[in-house]
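Data first, discussion second: the structure below is written as structure tokens.
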Amino acid sequence: MTTETASPVLTVRAQRGAPSMPDQSAPGERTIAPPIHVSGPRGPWEEVYTNLERDGSAVVFATWGEWLTAAVSDAELRPLLGRDWQRYRRTQDAAMRYRFVASRMVLKYTAAAALRTEPVALDLAYKIGGRPYIRGFDQIDVSLSHTDDLIVVGVSRTGRIGVDTEAAGRKMSFELFHEQMCTPTEHAELTRMAGDRQGSELLRLWTLKEAYTKALGQGLRLGFTAFGFGLESGGLLAPDGSPASRGEWAFATYPVLGGSYLVSTACHDTGLDTARDTAVHTMLDEGFMGAVEEGLAGV
């Protein structure tokens with residue numbers, strides 16, 4: 001199986017401020033690796049675990065058509081879907097029903113790769129507003145986005161993660177959208193750009209803002225003019241253009257499927273000393289478990 005790799009449109013690291021390519025990062029600097037193409041249940045899932053262990057996060061993408069065979073033939077579909085089974089059964093439109101199944105399968109398989117367990121063992125639940133999470137496994141955070149045929153899933157062990165995707169050919173009018181989504185600093189930077197670049201930067205900005213608000217758990221409830229990005233300098237900014245991050249946020253935008261779609265990711269680092277190994281069977285400290293076993297043996 002061939003895994004598609006992509007060059008980034010832009011990778012932003014708030015602590016550096018300037019846009020840079022992933023392979024130009026300084027020692028110790030956090031990166032968001034290119035999304036991994038998983039064209040079916042076989043993965044490649046080892047790459048997901050490797051990225052998660054190395055970078056603290058991993059992003060995958062697939063089309064729902066690539067997962068259609070698995071969606072219609074999986075003998076464990078009902079236990080795999082869990083609480084989503086009834087929603088699946090109630091969806092009348094066949095295309096919408098299988099898109100829904102494929103997105104949940106990709107999410108569960110990605111989370112299972114991060115946790116080194118089986119997808120059917122995971123309980124996918126939803127917070128108020130629809131944000132998904134894996135019940136009982138707080139050591140990872142997950143995010144889901146889809147548009148047209150594309151499904152994108154992000155997973156992080158360092159803190160919140162948000163992903164968003166849009167068709168690269170989507171046309172966004174600066175005149176129509178700038179008042180709803182741009183800070184004064186962003187407006188000034190976009191105004192200086194030529195038409196084609198202005199449109200592509202506006203679309204990239206939209207996906208970054210979607211990813212960031214998803215990571216915060218706010219979605220469209222947080223107005224897009226309440227925060228900004230330095231399109232030329234990089235970094236998360238307050239509405240007045242001042243820095244709004246001390247390095248705890250990393251952002252990236254990559255083209256996928258031959259440039260047909262943009263995938264943006266926002267990833268937070270809580271600064272806590274999180275375990276690099278998120279596997280279910282090894283996440284507990286061996287010394288602690290040994291003390292517990294000794295204590296139980298003496299009862």
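By order of appearance in the structure tokens: chains A, B, ..., then residues from 1 within every chain, and ligands from 1 in the order shown.
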Please identify all polymer residues within 9 Å of Gly223 in chain A, counting only C-alpha atoms, omitting same-chain residues fewer than 5 positions from it, and present them as a PDB file with N, CA and C atoms, in the first residue's frame.
ATOM      1  N   GLN A 180     -16.900  38.872   8.758  1.00  0.00           N
ATOM      2  CA  GLN A 180     -17.319  37.793   9.655  1.00  0.00           C
ATOM      3  C   GLN A 180     -16.152  36.971  10.190  1.00  0.00           C
ATOM      4  N   MET A 181     -14.987  37.025   9.535  1.00  0.00           N
ATOM      5  CA  MET A 181     -13.927  36.099   9.942  1.00  0.00           C
ATOM      6  C   MET A 181     -12.549  36.715  10.115  1.00  0.00           C
ATOM      7  N   THR A 213     -11.013  26.417  16.824  1.00  0.00           N
ATOM      8  CA  THR A 213     -12.224  26.464  17.645  1.00  0.00           C
ATOM      9  C   THR A 213     -12.721  25.060  17.982  1.00  0.00           C
TER      10      THR A 213
END
With only C-alpha atoms counted and 12 Å as the cut-off, give the residues of range 55-77 of chain A in contact with range 242-252 of chain A, each with its shortest interatomic distance in Å and the pair that gives it, as a tab-separated table.
residue	atom	partner	partner_atom	distance
A:Asp55	CA	A:Ala250	CA	10.9
A:Gly56	CA	A:Ala250	CA	11.0
A:Ser57	CA	A:Ala250	CA	10.5
A:Ala58	CA	A:Ala252	CA	11.8
A:Val59	CA	A:Ala252	CA	10.8
Can you tell me which residues surround His146 in chain A at a distance of at most 8 Å, considering only C-alpha atoms, apart from same-chain residues fewer than 4 positions away, and format the answer as a list in words? Ser103, Leu150, Ile151, Val152, Asp164 and Thr165 of chain A
Same residues, N, CA and C atoms, saved as a tab-separated table (two decimals), in the first residue's frame:
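Below is the file out.tsv, written as the result:
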chain	number	residue	atom	x	y	z
A	103	SER	N	-16.92	7.40	8.58
A	103	SER	CA	-16.25	8.39	9.44
A	103	SER	C	-16.04	7.85	10.84
A	150	LEU	N	-14.14	13.32	1.67
A	150	LEU	CA	-12.96	13.20	2.53
A	150	LEU	C	-13.33	13.14	4.01
A	151	ILE	N	-12.62	12.26	4.74
A	151	ILE	CA	-12.74	12.11	6.18
A	151	ILE	C	-11.36	12.38	6.78
A	152	VAL	N	-11.30	13.20	7.82
A	152	VAL	CA	-10.03	13.51	8.49
A	152	VAL	C	-10.21	13.29	9.99
A	164	ASP	N	-9.72	20.33	10.53
A	164	ASP	CA	-10.75	20.79	9.62
A	164	ASP	C	-10.26	20.60	8.19
A	165	THR	N	-11.19	20.37	7.29
A	165	THR	CA	-10.84	20.18	5.88
A	165	THR	C	-11.85	20.88	4.98
Selection near Gly259 in chain A, 9 Å with only C-alpha atoms, sequence-local residues under 4 positions removed, as a ChimeraX atom specification: /A:6,167-168,254-255
Give me the residues near Ala94 in chain A as an MDAnalysis selection string, where near means some atom within 12 Å (using only C-alpha atoms) and where sequence neighbours in that chain fewer than 6 positions away do not count. chainID A and resid 68 71:72 88 100:101
Dump of C-alpha atoms for the selected residues, as a compact mmCIF listing (two decimals), in the first residue's frame:
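That gives us out_12.txt:
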# COMPACT_ATOMS: atom_id res chain seq x y z
CA LEU A 68 -17.31 1.36 1.90
CA ALA A 71 -18.66 -0.62 6.20
CA VAL A 72 -21.05 -2.99 4.44
CA TYR A 88 -26.93 4.61 11.58
CA PHE A 100 -21.50 8.26 8.65
CA VAL A 101 -20.34 4.66 9.18
Point-to-point distance in Å for CA of Thr147 in chain A and CA of Gln92 in chain A: 19.4 Å
Using only C-alpha atoms, find each residue in range 167-190 of chain A having at least one atom no more than 12 Å away from range 225-231 of chain A; report its shortest atom-to-atom pair and that distance in Å (one decimal), rows by chain then rising number, as a tab-separated table.
residue	atom	partner	partner_atom	distance
A:Phe177	CA	A:Thr225	CA	10.9
A:His178	CA	A:Thr225	CA	9.1
A:Glu179	CA	A:Thr225	CA	8.0
A:Gln180	CA	A:Thr225	CA	6.7
A:Met181	CA	A:Thr225	CA	5.1
A:Cys182	CA	A:Thr225	CA	5.3
A:Thr183	CA	A:Thr225	CA	5.0
A:Pro184	CA	A:Thr225	CA	8.6
A:Thr185	CA	A:Gly230	CA	7.6
A:Glu186	CA	A:Gly230	CA	6.7
A:His187	CA	A:Gly228	CA	10.0
A:Ala188	CA	A:Leu231	CA	10.1
A:Glu189	CA	A:Leu231	CA	6.9
A:Leu190	CA	A:Leu231	CA	8.1
